[in-house]
>>> print(open('upload-v3.txt').read())   # compact mmCIF, C-alpha atoms (C1' of nucleotides)
# COMPACT_ATOMS: atom_id res chain seq x y z
CA MET A 1011 -23.67 9.29 27.02
CA ARG A 1012 -20.22 10.16 28.35
CA ALA A 1013 -18.75 13.60 28.28
CA ALA A 1014 -16.04 12.04 26.16
CA ALA A 1015 -18.22 12.80 23.17
CA VAL A 1016 -17.39 16.51 23.32
CA HIS A 1017 -13.90 16.12 24.70
CA ARG A 1018 -11.59 15.42 21.89
CA ARG A 1019 -8.94 12.85 22.37
CA ARG A 1020 -5.64 14.01 23.80
CA GLY A 1021 -2.59 14.26 21.68
CA PRO A 1022 -2.14 15.84 18.28
CA ARG A 1023 -4.90 15.64 15.77
CA ARG A 1024 -4.56 12.93 13.14
CA SER A 1025 -3.49 14.30 9.84
CA LEU A 1026 -5.51 11.75 7.88
CA SER A 1027 -8.62 9.65 8.08
CA GLU A 1028 -9.13 5.98 7.45
CA ASP A 1029 -11.08 6.85 4.35
CA GLU A 1030 -8.22 8.82 2.85
CA ILE A 1031 -6.00 5.80 3.31
CA LEU A 1032 -8.57 3.58 1.66
CA ASP A 1033 -8.94 6.08 -1.16
CA ALA A 1034 -5.22 5.99 -1.76
CA ALA A 1035 -5.25 2.23 -1.63
CA PHE A 1036 -8.03 2.05 -4.19
CA ALA A 1037 -6.22 4.46 -6.46
CA LEU A 1038 -3.07 2.38 -6.32
CA LEU A 1039 -5.11 -0.77 -6.78
CA ASP A 1040 -6.80 0.54 -9.89
CA GLY A 1041 -3.60 1.89 -11.34
CA GLY A 1042 -1.13 -0.86 -10.64
CA GLY A 1043 -2.93 -4.05 -9.81
CA ALA A 1044 -3.17 -5.90 -6.54
CA GLY A 1045 0.54 -5.78 -5.87
CA ALA A 1046 0.66 -2.00 -5.99
CA ALA A 1047 -1.32 -1.58 -2.79
CA SER A 1048 1.69 -1.76 -0.49
CA VAL A 1049 1.82 -0.05 2.85
CA ARG A 1050 4.70 2.05 1.67
CA GLY A 1051 2.91 2.99 -1.51
CA ILE A 1052 -0.21 4.02 0.32
CA ALA A 1053 1.78 6.07 2.81
CA ALA A 1054 3.71 7.77 0.04
CA ARG A 1055 0.50 8.61 -1.75
CA VAL A 1056 -1.06 10.30 1.25
CA GLY A 1057 2.22 11.95 2.11
CA VAL A 1058 3.22 10.33 5.37
CA ALA A 1059 5.86 7.92 6.56
CA PRO A 1060 5.08 4.25 6.02
CA ASN A 1061 4.62 3.69 9.73
CA ALA A 1062 1.90 6.29 10.08
CA VAL A 1063 -0.48 3.85 8.48
CA TYR A 1064 -0.22 1.67 11.54
CA THR A 1065 -1.88 4.40 13.56
CA TYR A 1066 -5.08 3.86 11.63
CA PHE A 1067 -4.91 0.14 10.97
CA PRO A 1068 -3.18 -2.42 13.12
CA ASP A 1069 -2.11 -4.49 10.19
CA LYS A 1070 -2.03 -4.64 6.45
CA ALA A 1071 -4.65 -7.34 6.67
CA ALA A 1072 -6.88 -4.84 8.42
CA VAL A 1073 -6.39 -2.40 5.57
CA VAL A 1074 -7.44 -4.91 2.94
CA ALA A 1075 -10.31 -6.02 5.15
CA ALA A 1076 -11.55 -2.45 5.33
CA LEU A 1077 -11.03 -2.19 1.58
CA VAL A 1078 -13.17 -5.22 0.96
CA GLU A 1079 -15.75 -4.01 3.41
CA ARG A 1080 -16.08 -0.70 1.63
CA LEU A 1081 -16.41 -2.45 -1.69
CA ILE A 1082 -19.16 -4.71 -0.44
CA GLY A 1083 -20.81 -1.83 1.35
CA GLU A 1084 -21.22 -0.06 -1.95
CA VAL A 1085 -23.66 -2.70 -3.08
CA SER A 1086 -27.01 -1.04 -2.89
CA HIS A 1087 -29.56 -2.68 -0.65
CA ASP A 1088 -32.46 -1.03 -2.40
CA VAL A 1089 -32.94 -3.96 -4.71
CA PHE A 1090 -33.56 -6.24 -1.79
CA ALA A 1091 -36.43 -4.19 -0.53
CA ASP A 1092 -38.17 -3.72 -3.84
CA ARG A 1093 -40.85 -6.35 -3.37
CA SER A 1094 -42.71 -5.29 -6.46
CA GLN A 1095 -40.15 -7.17 -8.50
CA PRO A 1096 -40.10 -10.95 -8.66
CA TRP A 1097 -37.50 -12.44 -6.40
CA ARG A 1098 -35.50 -13.87 -9.23
CA LEU A 1099 -35.00 -10.50 -10.80
CA ARG A 1100 -33.89 -9.16 -7.46
CA VAL A 1101 -31.33 -11.91 -7.06
CA GLN A 1102 -30.09 -11.24 -10.54
CA ALA A 1103 -29.83 -7.53 -9.82
CA VAL A 1104 -27.84 -8.11 -6.66
CA ALA A 1105 -25.47 -10.50 -8.41
CA LEU A 1106 -24.98 -8.11 -11.27
CA GLU A 1107 -24.39 -5.17 -9.00
CA LEU A 1108 -21.89 -7.10 -6.93
CA ARG A 1109 -20.17 -8.10 -10.13
CA GLN A 1110 -20.13 -4.52 -11.27
CA ARG A 1111 -18.62 -3.31 -8.01
CA LEU A 1112 -15.90 -5.92 -8.23
CA THR A 1113 -15.05 -5.28 -11.85
CA ALA A 1114 -14.88 -1.58 -11.06
CA HIS A 1115 -11.84 -2.32 -8.88
CA PRO A 1116 -10.25 -5.43 -10.35
CA GLY A 1117 -7.16 -5.15 -8.22
CA ALA A 1118 -9.22 -5.63 -5.10
CA VAL A 1119 -10.54 -9.01 -6.14
CA PRO A 1120 -7.36 -10.98 -5.45
CA LEU A 1121 -7.24 -9.31 -2.06
CA MET A 1122 -10.70 -10.39 -1.07
CA ILE A 1123 -9.84 -13.99 -1.79
CA GLY A 1124 -7.06 -14.08 0.78
CA GLY A 1125 -9.23 -12.77 3.57
CA ARG A 1126 -12.44 -14.13 4.96
CA LEU A 1127 -15.63 -12.25 4.33
CA ASN A 1128 -16.55 -11.69 7.94
CA GLY A 1129 -17.05 -7.94 8.02
CA PRO A 1130 -20.38 -6.33 8.93
CA GLN A 1131 -21.11 -5.32 5.37
CA ALA A 1132 -20.39 -8.79 4.07
CA LEU A 1133 -22.56 -10.38 6.71
CA ALA A 1134 -25.34 -7.89 6.06
CA LEU A 1135 -25.31 -8.67 2.37
CA HIS A 1136 -25.31 -12.35 3.08
CA GLU A 1137 -28.17 -11.93 5.51
CA ARG A 1138 -30.21 -10.00 3.00
CA LEU A 1139 -29.58 -12.62 0.38
CA LEU A 1140 -30.73 -15.34 2.73
CA GLU A 1141 -33.88 -13.38 3.54
CA LEU A 1142 -34.58 -12.95 -0.11
CA LEU A 1143 -34.10 -16.62 -0.89
CA ALA A 1144 -36.17 -17.69 2.08
CA GLU A 1145 -38.88 -15.37 0.90
CA ALA A 1146 -38.70 -17.16 -2.41
CA GLY A 1147 -39.68 -20.37 -0.69
CA LEU A 1148 -36.33 -22.04 -0.09
CA ASP A 1149 -35.76 -23.69 3.23
CA PRO A 1150 -32.76 -22.34 5.18
CA ALA A 1151 -30.38 -25.07 4.12
CA ASP A 1152 -31.07 -24.62 0.43
CA ALA A 1153 -30.97 -20.86 0.79
CA ALA A 1154 -27.55 -21.10 2.36
CA ARG A 1155 -26.31 -23.35 -0.40
CA THR A 1156 -27.68 -21.13 -3.09
CA SER A 1157 -26.31 -17.89 -1.69
CA TYR A 1158 -22.98 -19.58 -1.18
CA LEU A 1159 -22.94 -20.78 -4.76
CA LEU A 1160 -23.93 -17.36 -5.95
CA VAL A 1161 -21.20 -15.54 -4.08
CA VAL A 1162 -18.60 -18.09 -5.00
CA TYR A 1163 -19.50 -17.89 -8.64
CA VAL A 1164 -19.54 -14.12 -8.86
CA ILE A 1165 -16.27 -13.69 -6.99
CA GLY A 1166 -14.57 -16.59 -8.67
CA SER A 1167 -15.67 -15.51 -12.08
CA VAL A 1168 -14.34 -12.01 -11.62
CA ALA A 1169 -11.17 -13.39 -10.09
CA LEU A 1170 -10.50 -15.55 -13.12
CA ALA A 1171 -11.28 -12.63 -15.40
CA VAL A 1172 -8.82 -10.50 -13.48
CA THR A 1173 -6.00 -13.01 -13.72
CA ASP A 1174 -6.64 -13.42 -17.42
CA ALA A 1175 -6.16 -9.70 -17.93
CA ASP A 1176 -2.47 -9.21 -17.36
CA GLU A 1177 -2.58 -5.42 -17.60
CA PRO A 1178 -3.22 -3.89 -14.20
CA GLY A 1179 -5.66 -1.36 -15.63
CA PRO A 1180 -9.42 -1.65 -15.66
CA LEU A 1181 -10.98 -4.71 -17.16
CA PRO A 1182 -11.74 -4.39 -20.85
CA PRO A 1183 -15.50 -4.17 -21.20
CA GLU A 1184 -15.40 -5.98 -24.47
CA ALA A 1185 -17.76 -8.54 -25.90
CA GLU A 1186 -16.20 -11.25 -23.77
CA ARG A 1187 -17.31 -9.33 -20.73
CA ILE A 1188 -20.83 -8.94 -22.05
CA GLU A 1189 -20.93 -12.64 -22.55
CA ALA A 1190 -20.01 -13.05 -18.93
CA ARG A 1191 -22.92 -10.86 -17.95
CA HIS A 1192 -25.19 -13.07 -19.95
CA ARG A 1193 -23.77 -16.01 -18.14
CA ALA A 1194 -24.62 -14.37 -14.84
CA PHE A 1195 -28.09 -13.67 -16.12
CA ALA A 1196 -28.70 -17.20 -17.21
CA GLY A 1197 -26.69 -19.02 -14.59
CA THR A 1198 -27.84 -17.26 -11.50
CA PRO A 1199 -31.49 -18.22 -11.23
CA ALA A 1200 -30.82 -21.60 -12.75
CA ASP A 1201 -29.24 -23.11 -9.70
CA ASP A 1202 -32.22 -23.21 -7.43
CA PHE A 1203 -34.62 -24.11 -10.16
CA PRO A 1204 -34.38 -27.88 -9.87
CA ARG A 1205 -33.73 -27.61 -6.19
CA SER A 1206 -37.25 -26.42 -5.65
CA ALA A 1207 -38.46 -29.01 -8.11
CA MET B 867 16.11 -37.29 -34.77
CA ARG B 868 19.30 -35.49 -33.89
CA ALA B 869 22.39 -37.10 -32.48
CA ALA B 870 21.95 -34.73 -29.55
CA ALA B 871 19.72 -37.36 -28.03
CA VAL B 872 22.64 -39.56 -27.07
CA HIS B 873 25.09 -36.79 -26.42
CA ARG B 874 24.55 -35.52 -22.98
CA ARG B 875 24.65 -31.84 -22.47
CA ARG B 876 27.97 -30.29 -21.65
CA GLY B 877 28.74 -29.01 -18.23
CA PRO B 878 28.22 -30.66 -14.87
CA ARG B 879 25.18 -32.79 -14.30
CA ARG B 880 22.28 -31.12 -12.55
CA SER B 881 22.08 -32.18 -8.96
CA LEU B 882 18.29 -32.07 -8.95
CA SER B 883 15.27 -32.48 -11.15
CA GLU B 884 12.27 -30.27 -11.63
CA ASP B 885 10.18 -32.87 -9.91
CA GLU B 886 12.27 -32.79 -6.78
CA ILE B 887 11.79 -29.06 -6.62
CA LEU B 888 8.06 -29.47 -7.02
CA ASP B 889 8.04 -32.16 -4.36
CA ALA B 890 9.76 -29.84 -1.94
CA ALA B 891 7.35 -27.07 -2.83
CA PHE B 892 4.38 -29.32 -2.20
CA ALA B 893 5.80 -30.41 1.13
CA LEU B 894 6.28 -26.82 2.23
CA LEU B 895 2.85 -25.94 0.92
CA ASP B 896 1.17 -28.68 2.88
CA GLY B 897 3.08 -27.95 6.02
CA GLY B 898 3.05 -24.20 6.17
CA GLY B 899 0.39 -22.83 3.89
CA ALA B 900 0.72 -20.89 0.68
CA GLY B 901 3.21 -18.43 2.10
CA ALA B 902 5.69 -21.13 3.02
CA ALA B 903 6.50 -22.00 -0.57
CA SER B 904 9.24 -19.43 -0.96
CA VAL B 905 12.14 -19.87 -3.31
CA ARG B 906 14.53 -19.85 -0.42
CA GLY B 907 12.49 -22.38 1.47
CA ILE B 908 12.35 -24.71 -1.48
CA ALA B 909 16.06 -24.39 -2.08
CA ALA B 910 16.84 -25.02 1.56
CA ARG B 911 14.66 -28.11 1.55
CA VAL B 912 16.41 -29.67 -1.43
CA GLY B 913 19.78 -28.59 -0.08
CA VAL B 914 20.96 -26.04 -2.61
CA ALA B 915 21.49 -22.31 -2.69
CA PRO B 916 18.37 -20.24 -3.39
CA ASN B 917 19.69 -19.25 -6.79
CA ALA B 918 20.02 -22.80 -7.98
CA VAL B 919 16.27 -22.92 -8.41
CA TYR B 920 16.58 -20.47 -11.26
CA THR B 921 18.46 -23.06 -13.23
CA TYR B 922 15.32 -25.16 -13.42
CA PHE B 923 12.64 -22.49 -13.54
CA PRO B 924 13.05 -19.01 -14.95
CA ASP B 925 10.79 -17.49 -12.40
CA LYS B 926 8.83 -18.20 -9.27
CA ALA B 927 5.70 -17.84 -11.35
CA ALA B 928 6.98 -20.72 -13.47
CA VAL B 929 7.38 -22.81 -10.35
CA VAL B 930 3.83 -22.24 -9.22
CA ALA B 931 2.61 -22.79 -12.76
CA ALA B 932 4.33 -26.15 -12.81
CA LEU B 933 2.88 -26.85 -9.40
CA VAL B 934 -0.62 -26.16 -10.60
CA GLU B 935 -0.03 -28.17 -13.72
CA ARG B 936 1.04 -31.17 -11.74
CA LEU B 937 -1.98 -30.85 -9.50
CA ILE B 938 -4.37 -30.71 -12.41
CA GLY B 939 -2.52 -33.48 -14.15
CA GLU B 940 -3.27 -35.75 -11.23
CA VAL B 941 -6.94 -35.67 -12.09
CA SER B 942 -7.66 -39.00 -13.63
CA HIS B 943 -9.02 -38.98 -17.14
CA ASP B 944 -10.48 -42.42 -16.79
CA VAL B 945 -13.83 -41.10 -15.71
CA PHE B 946 -14.17 -39.22 -18.95
CA ALA B 947 -13.85 -42.30 -21.02
CA ASP B 948 -16.21 -44.49 -19.06
CA ARG B 949 -19.19 -44.20 -21.36
CA SER B 950 -21.12 -46.83 -19.52
CA GLN B 951 -21.96 -44.25 -16.89
CA PRO B 952 -24.50 -41.50 -17.55
CA TRP B 953 -22.83 -38.23 -18.41
CA ARG B 954 -24.05 -36.49 -15.30
CA LEU B 955 -22.36 -38.98 -13.06
CA ARG B 956 -19.18 -38.55 -15.00
CA VAL B 957 -19.31 -34.78 -14.60
CA GLN B 958 -19.93 -35.22 -10.92
CA ALA B 959 -17.01 -37.60 -10.63
CA VAL B 960 -14.68 -35.21 -12.37
CA ALA B 961 -15.76 -32.31 -10.21
CA LEU B 962 -15.39 -34.35 -7.07
CA GLU B 963 -12.00 -35.62 -8.07
CA LEU B 964 -10.78 -32.15 -8.89
CA ARG B 965 -12.08 -30.98 -5.56
CA GLN B 966 -10.32 -33.83 -3.86
CA ARG B 967 -7.02 -33.02 -5.54
CA LEU B 968 -7.30 -29.41 -4.49
CA THR B 969 -8.26 -30.12 -0.92
CA ALA B 970 -5.36 -32.55 -0.72
CA HIS B 971 -3.02 -29.57 -1.15
CA PRO B 972 -4.89 -26.60 0.28
CA GLY B 973 -1.88 -24.34 0.17
CA ALA B 974 -1.76 -24.62 -3.59
CA VAL B 975 -5.23 -23.24 -4.11
CA PRO B 976 -4.37 -19.60 -3.44
CA LEU B 977 -1.49 -20.01 -5.86
CA MET B 978 -3.65 -21.25 -8.69
CA ILE B 979 -5.85 -18.20 -8.41
CA GLY B 980 -3.03 -15.79 -9.14
CA GLY B 981 -2.00 -17.55 -12.31
CA ARG B 982 -3.97 -18.32 -15.40
CA LEU B 983 -4.87 -21.91 -16.11
CA ASN B 984 -3.19 -22.10 -19.48
CA GLY B 985 -0.98 -25.13 -19.04
CA PRO B 986 -1.34 -28.26 -21.17
CA GLN B 987 -2.91 -30.26 -18.37
CA ALA B 988 -5.45 -27.54 -17.63
CA LEU B 989 -6.35 -27.21 -21.27
CA ALA B 990 -6.62 -30.97 -21.63
CA LEU B 991 -8.99 -31.21 -18.72
CA HIS B 992 -11.04 -28.38 -20.08
CA GLU B 993 -11.13 -30.00 -23.46
CA ARG B 994 -12.29 -33.28 -22.02
CA LEU B 995 -14.98 -31.53 -20.06
CA LEU B 996 -16.21 -29.79 -23.17
CA GLU B 997 -16.30 -33.08 -25.04
CA LEU B 998 -18.28 -34.64 -22.28
CA LEU B 999 -20.81 -31.83 -22.14
CA ALA B 1000 -21.15 -31.74 -25.89
CA GLU B 1001 -21.75 -35.46 -25.83
CA ALA B 1002 -24.53 -34.74 -23.34
CA GLY B 1003 -26.30 -32.67 -25.94
CA LEU B 1004 -25.19 -29.16 -25.08
CA ASP B 1005 -24.24 -26.85 -27.91
CA PRO B 1006 -20.69 -25.49 -27.70
CA ALA B 1007 -21.68 -22.16 -26.16
CA ASP B 1008 -23.64 -23.74 -23.34
CA ALA B 1009 -20.97 -26.32 -22.83
CA ALA B 1010 -18.39 -23.59 -22.44
CA ARG B 1011 -20.56 -21.74 -19.97
CA THR B 1012 -21.24 -24.85 -17.97
CA SER B 1013 -17.65 -26.01 -17.77
CA TYR B 1014 -16.62 -22.49 -16.84
CA LEU B 1015 -19.20 -22.40 -14.07
CA LEU B 1016 -18.11 -25.78 -12.90
CA VAL B 1017 -14.44 -24.93 -12.68
CA VAL B 1018 -15.12 -21.58 -11.10
CA TYR B 1019 -17.34 -23.11 -8.51
CA VAL B 1020 -15.01 -25.92 -7.56
CA ILE B 1021 -11.94 -23.71 -7.34
CA GLY B 1022 -13.75 -20.84 -5.68
CA SER B 1023 -15.38 -23.09 -3.17
CA VAL B 1024 -12.13 -24.68 -2.15
CA ALA B 1025 -10.47 -21.28 -2.07
CA LEU B 1026 -13.04 -19.94 0.34
CA ALA B 1027 -12.75 -23.06 2.43
CA VAL B 1028 -8.99 -22.61 2.56
CA THR B 1029 -9.16 -19.01 3.68
CA ASP B 1030 -11.69 -19.92 6.34
CA ALA B 1031 -9.27 -22.44 7.77
CA ASP B 1032 -6.53 -20.31 9.29
CA GLU B 1033 -4.31 -23.23 10.24
CA PRO B 1034 -1.92 -24.03 7.42
CA GLY B 1035 -2.39 -27.74 7.90
CA PRO B 1036 -4.70 -29.97 5.94
CA LEU B 1037 -8.35 -29.06 5.70
CA PRO B 1038 -10.46 -30.58 8.43
CA PRO B 1039 -12.62 -33.23 6.81
CA GLU B 1040 -15.45 -32.52 9.17
CA ALA B 1041 -19.19 -32.42 8.57
CA GLU B 1042 -18.95 -28.99 7.04
CA ARG B 1043 -16.77 -30.45 4.37
CA ILE B 1044 -19.19 -33.26 3.70
CA GLU B 1045 -21.91 -30.73 3.30
CA ALA B 1046 -19.80 -29.03 0.67
CA ARG B 1047 -19.53 -32.31 -1.19
CA HIS B 1048 -23.27 -32.58 -1.20
CA ARG B 1049 -23.45 -29.10 -2.56
CA ALA B 1050 -21.21 -30.11 -5.41
CA PHE B 1051 -23.39 -33.13 -6.00
CA ALA B 1052 -26.58 -31.15 -6.12
CA GLY B 1053 -25.31 -27.94 -7.63
CA THR B 1054 -23.25 -29.26 -10.47
CA PRO B 1055 -25.79 -30.83 -12.77
CA ALA B 1056 -28.41 -28.28 -11.77
CA ASP B 1057 -27.01 -25.47 -13.80
CA ASP B 1058 -27.59 -26.83 -17.23
CA PHE B 1059 -30.91 -28.31 -16.37
CA PRO B 1060 -33.05 -25.30 -17.26
CA ARG B 1061 -30.61 -24.33 -19.95
CA SER B 1062 -31.59 -27.34 -21.98
CA ALA B 1063 -35.21 -26.70 -21.11
C1' DT C 1408 -0.85 29.37 33.47
C1' DA C 1409 2.12 25.43 33.97
C1' DC C 1410 2.56 20.62 34.12
C1' DA C 1411 1.53 15.98 32.86
C1' DA C 1412 -0.48 12.58 30.12
C1' DA C 1413 -1.91 10.84 25.91
C1' DT C 1414 -1.51 10.61 21.10
C1' DC C 1415 0.49 11.17 16.41
C1' DT C 1416 4.39 11.11 13.22
C1' DT C 1417 9.02 10.01 12.05
C1' DG C 1418 13.77 7.80 11.62
C1' DT C 1419 15.86 3.84 11.91
C1' DA C 1420 16.24 -0.85 11.69
C1' DC C 1421 15.38 -5.98 11.28
C1' DG C 1422 13.98 -9.94 8.85
C1' DT C 1423 12.08 -11.81 4.63
C1' DT C 1424 11.04 -11.96 -0.04
C1' DG C 1425 12.24 -12.43 -5.38
C1' DT C 1426 15.99 -11.89 -8.41
C1' DC C 1427 20.42 -10.48 -10.61
C1' DC C 1428 25.68 -10.70 -11.29
C1' DA C 1429 30.33 -12.28 -11.11
C1' DA C 1430 33.13 -15.99 -9.72
C1' DG C 1431 34.47 -20.72 -9.57
C1' DG C 1432 33.80 -25.64 -10.19
C1' DT C 1433 32.60 -29.69 -13.34
C1' DC C 1434 31.83 -32.23 -17.36
C1' DA C 1435 31.65 -33.58 -22.54
C1' DT C 1436 33.86 -32.48 -26.72
C1' DG C 1437 37.52 -30.87 -29.98
C1' DC D 1033 44.92 -31.83 -22.77
C1' DA D 1034 42.43 -27.77 -23.44
C1' DT D 1035 38.26 -25.43 -24.70
C1' DG D 1036 33.73 -24.28 -24.18
C1' DA D 1037 29.35 -25.02 -22.14
C1' DC D 1038 26.81 -25.73 -18.06
C1' DC D 1039 25.74 -25.75 -12.98
C1' DT D 1040 26.20 -23.87 -8.37
C1' DT D 1041 27.44 -20.46 -5.14
C1' DG D 1042 28.29 -16.08 -2.41
C1' DG D 1043 27.04 -11.71 -2.33
C1' DA D 1044 24.14 -8.05 -3.24
C1' DC D 1045 20.03 -5.11 -4.32
C1' DA D 1046 15.35 -3.36 -4.01
C1' DA D 1047 11.01 -3.83 -1.98
C1' DC D 1048 8.09 -5.58 1.40
C1' DG D 1049 5.70 -5.69 6.28
C1' DT D 1050 6.54 -4.22 10.72
C1' DA D 1051 8.65 -3.11 15.46
C1' DC D 1052 10.99 0.33 18.61
C1' DA D 1053 12.49 4.57 20.41
C1' DA D 1054 12.39 9.10 20.07
C1' DG D 1055 10.26 14.05 19.09
C1' DA D 1056 6.27 16.83 18.35
C1' DT D 1057 1.66 18.27 19.44
C1' DT D 1058 -2.59 18.71 21.67
C1' DT D 1059 -5.56 18.09 25.69
C1' DG D 1060 -7.00 17.56 30.64
C1' DT D 1061 -5.88 18.85 35.18
C1' DA D 1062 -3.67 21.29 39.13
>>> encode(input="upload-v3.txt", output="structure tokens")
Amino acid sequence: MRAAAVHRRRGPRRSLSEDEILDAAFALLDGGGAGAASVRGIAARVGVAPNAVYTYFPDKAAVVAALVERLIGEVSHDVFADRSQPWRLRVQAVALELRQRLTAHPGAVPLMIGGRLNGPQALALHERLLELLAEAGLDPADAARTSYLLVVYVIGSVALAVTDADEPGPLPPEAERIEARHRAFAGTPADDFPRSA
Amino acid sequence: MRAAAVHRRRGPRRSLSEDEILDAAFALLDGGGAGAASVRGIAARVGVAPNAVYTYFPDKAAVVAALVERLIGEVSHDVFADRSQPWRLRVQAVALELRQRLTAHPGAVPLMIGGRLNGPQALALHERLLELLAEAGLDPADAARTSYLLVVYVIGSVALAVTDADEPGPLPPEAERIEARHRAFAGTPADDFPRSA
DNA sequence: TACAAATCTTGTACGTTGTCCAAGGTCATG
DNA sequence: CATGACCTTGGACAACGTACAAGATTTGTA
């Protein structure tokens, strides 16, 4: 409602955007593993001095937090709303999509372990999951446990898969990986089965 | 069988042992979090130059690998052998003990995520777990899945708990933590329930 | 239109990290 | 006693995250 909306900020225009920095970080992450996403590397990739990054993010932790947030934000929320599907299929779909997003950027997985998942996107996804599980008939406590187990398993599983693959490149989508998918298929809805029983 | 057993190695005696280095590393880990276990810090704590560490371990990765090995090796194997107990209780006991060992040294948990669990102690524990699950009637594939899920969940859960606690000190054994124990109790044997059904 | 204030980028620098290399000291063996 | 193997050390290097003081650039105001 302020006139500040039209008035641009004083000082020179920024030569980059936060998204460009995150893009560079993702590129480095995918090409060289988790260790390649250094502040200096990111700055070099976007063509600025290392310190320029600190104009956009106060800290390196903030950069990785934004990275994680963008990754989680890519998880489509359409599956949540599709009430024509049984809830178990929806939970499976969410878990699989999250897994897919993580395996798409393996280097980011070690980063999201060091930081807490407190961002808006992470909370939104958690909230949606809780809604979905509550809708399935679980009381809040069990829903919290189940979603926690789900997230821990998906993240942990991908994390272990990442550390097992020493090459920094993309994860090999070999048969081992397919087997992991099957595990997600079978393991995911299994947890709350006897809990409701 | 060689005479080299009596002959001591040439050169001056080592002023330390690998265990002393690991002790120092654990002390730093417990007191200052995962980041405090630097090579220089370890060396300073045992009273040698930073480079002396490389006489005992070729790499820092080897140090953390040995650290993780010792942690896993502390998990008692007695519970495995106690066949008077039902298998589910034994699995629970193992999971709880592993969890206890990890929470006893929270700083070590982030370290064990970066490295693969390939050491002898880790493999032995895995082997024992597989035996136990096979004895419970699971075919090898399901046993592998279940033990994988179990390990992933325990480690991932503690890892998330560690990152949520920003203070480097020991984890607060508050009610939240007790709730996590309950989760392990209820979640662990639940996974293979519908798998056998 | 000129000045002032706010903002971005950069150069430089500090402290810390893991790790290598050459030197010197110490011990068992010939 | 001397030789050869082994340990430790001092010093150094590259890379990391990050702080500080400039210079440059754009905007709001007089």
>>> interface_residues(input="upload-v3.txt", of="chain C", to="chain A", cutoff="9 Å", atoms="all atoms listed in the file", output="PDB file with C-alpha atoms (C1' of nucleotides), in the coordinates of the input")
ATOM      1  C1'  DA C1412      -0.480  12.580  30.120  1.00  0.00           C
ATOM      2  C1'  DA C1413      -1.910  10.840  25.910  1.00  0.00           C
ATOM      3  C1'  DT C1414      -1.510  10.610  21.100  1.00  0.00           C
ATOM      4  C1'  DC C1415       0.490  11.170  16.410  1.00  0.00           C
ATOM      5  C1'  DT C1416       4.390  11.110  13.220  1.00  0.00           C
ATOM      6  C1'  DT C1417       9.020  10.010  12.050  1.00  0.00           C
TER       7       DT C1417
END
>>> interface_residues(input="upload-v3.txt", of="chain D", to="chain A", cutoff="12 Å", atoms="all atoms listed in the file", output="PyMOL selection string")
chain D and resi 1047-1052+1056-1060
>>> write_last_selection(input="upload-v3.txt", atoms="C-alpha atoms (C1' of nucleotides)", output="CSV table (one decimal), in the frame of the given file")
chain,number,residue,atom,x,y,z
D,1047,DA,C1',11.0,-3.8,-2.0
D,1048,DC,C1',8.1,-5.6,1.4
D,1049,DG,C1',5.7,-5.7,6.3
D,1050,DT,C1',6.5,-4.2,10.7
D,1051,DA,C1',8.6,-3.1,15.5
D,1052,DC,C1',11.0,0.3,18.6
D,1056,DA,C1',6.3,16.8,18.4
D,1057,DT,C1',1.7,18.3,19.4
D,1058,DT,C1',-2.6,18.7,21.7
D,1059,DT,C1',-5.6,18.1,25.7
D,1060,DG,C1',-7.0,17.6,30.6
>>> closest_residue(input="upload-v3.txt", among="B:Pro924, B:Gly899, B:Gly1022, B:Gly985", to="chain A", atoms="only C-alpha atoms")
B:Gly1022
>>> atom_distance(input="upload-v3.txt", atom1="CA of Leu1039 in chain A", atom2="CA of Ala1132 in chain A")
20.4 Å
>>> axis_aligned_box(input="upload-v3.txt", around="range 1422-1436 of chain C", padding_each_side="6 Å", output="lines of an AutoDock Vina configuration file")
center_x = 22.8
center_y = -21.8
center_z = -8.9
size_x = 35.4
size_y = 35.6
size_z = 47.6
>>> residues_around(input="upload-v3.txt", residues="DT1061 in chain D", least_positions_apart="6", cutoff="12 Å", atoms="only C-alpha atoms (C1' of nucleotides)", output="PyMOL selection string")
chain C and resi 1408-1412
>>> atom_distance(input="upload-v3.txt", atom1="CA of Tyr1158 in chain A", atom2="CA of Asp1088 in chain A")
20.9 Å
>>> closest_residue(input="upload-v3.txt", among="B:Ala910, B:Leu968, B:Val1017, B:Val941", to="Asp896 in chain B", atoms="only C-alpha atoms")
B:Leu968
>>> atom_distance(input="upload-v3.txt", atom1="CA of Gly901 in chain B", atom2="CA of Ala974 in chain B")
9.8 Å
>>> closest_residue(input="upload-v3.txt", among="A:Leu1142, A:Leu1121, A:Leu1099, A:His1115", to="chain B", atoms="all atoms listed in the file")
A:Leu1121
>>> closest_residue(input="upload-v3.txt", among="A:Leu1032, A:Met1122, A:Gln1131, A:Asp1092", to="chain B", atoms="all atoms listed in the file")
A:Met1122
>>> closest_residue(input="upload-v3.txt", among="B:Ser950, B:Ala1002, B:Ala900, B:Leu937", to="chain A", atoms="only C-alpha atoms")
B:Ala900
>>> residues_around(input="upload-v3.txt", residues="Val1164 in chain A", least_positions_apart="2", cutoff="8 Å", atoms="only C-alpha atoms (C1' of nucleotides)", output="ChimeraX atom specification")
/A:1105,1108-1109,1160-1162,1166-1168,1194
>>> write_last_selection(input="upload-v3.txt", atoms="C-alpha atoms", output="tab-separated table (two decimals), keeping the file's coordinate frame")
chain	number	residue	atom	x	y	z
A	1105	ALA	CA	-25.47	-10.50	-8.41
A	1108	LEU	CA	-21.89	-7.10	-6.93
A	1109	ARG	CA	-20.17	-8.10	-10.13
A	1160	LEU	CA	-23.93	-17.36	-5.95
A	1161	VAL	CA	-21.20	-15.54	-4.08
A	1162	VAL	CA	-18.60	-18.09	-5.00
A	1166	GLY	CA	-14.57	-16.59	-8.67
A	1167	SER	CA	-15.67	-15.51	-12.08
A	1168	VAL	CA	-14.34	-12.01	-11.62
A	1194	ALA	CA	-24.62	-14.37	-14.84
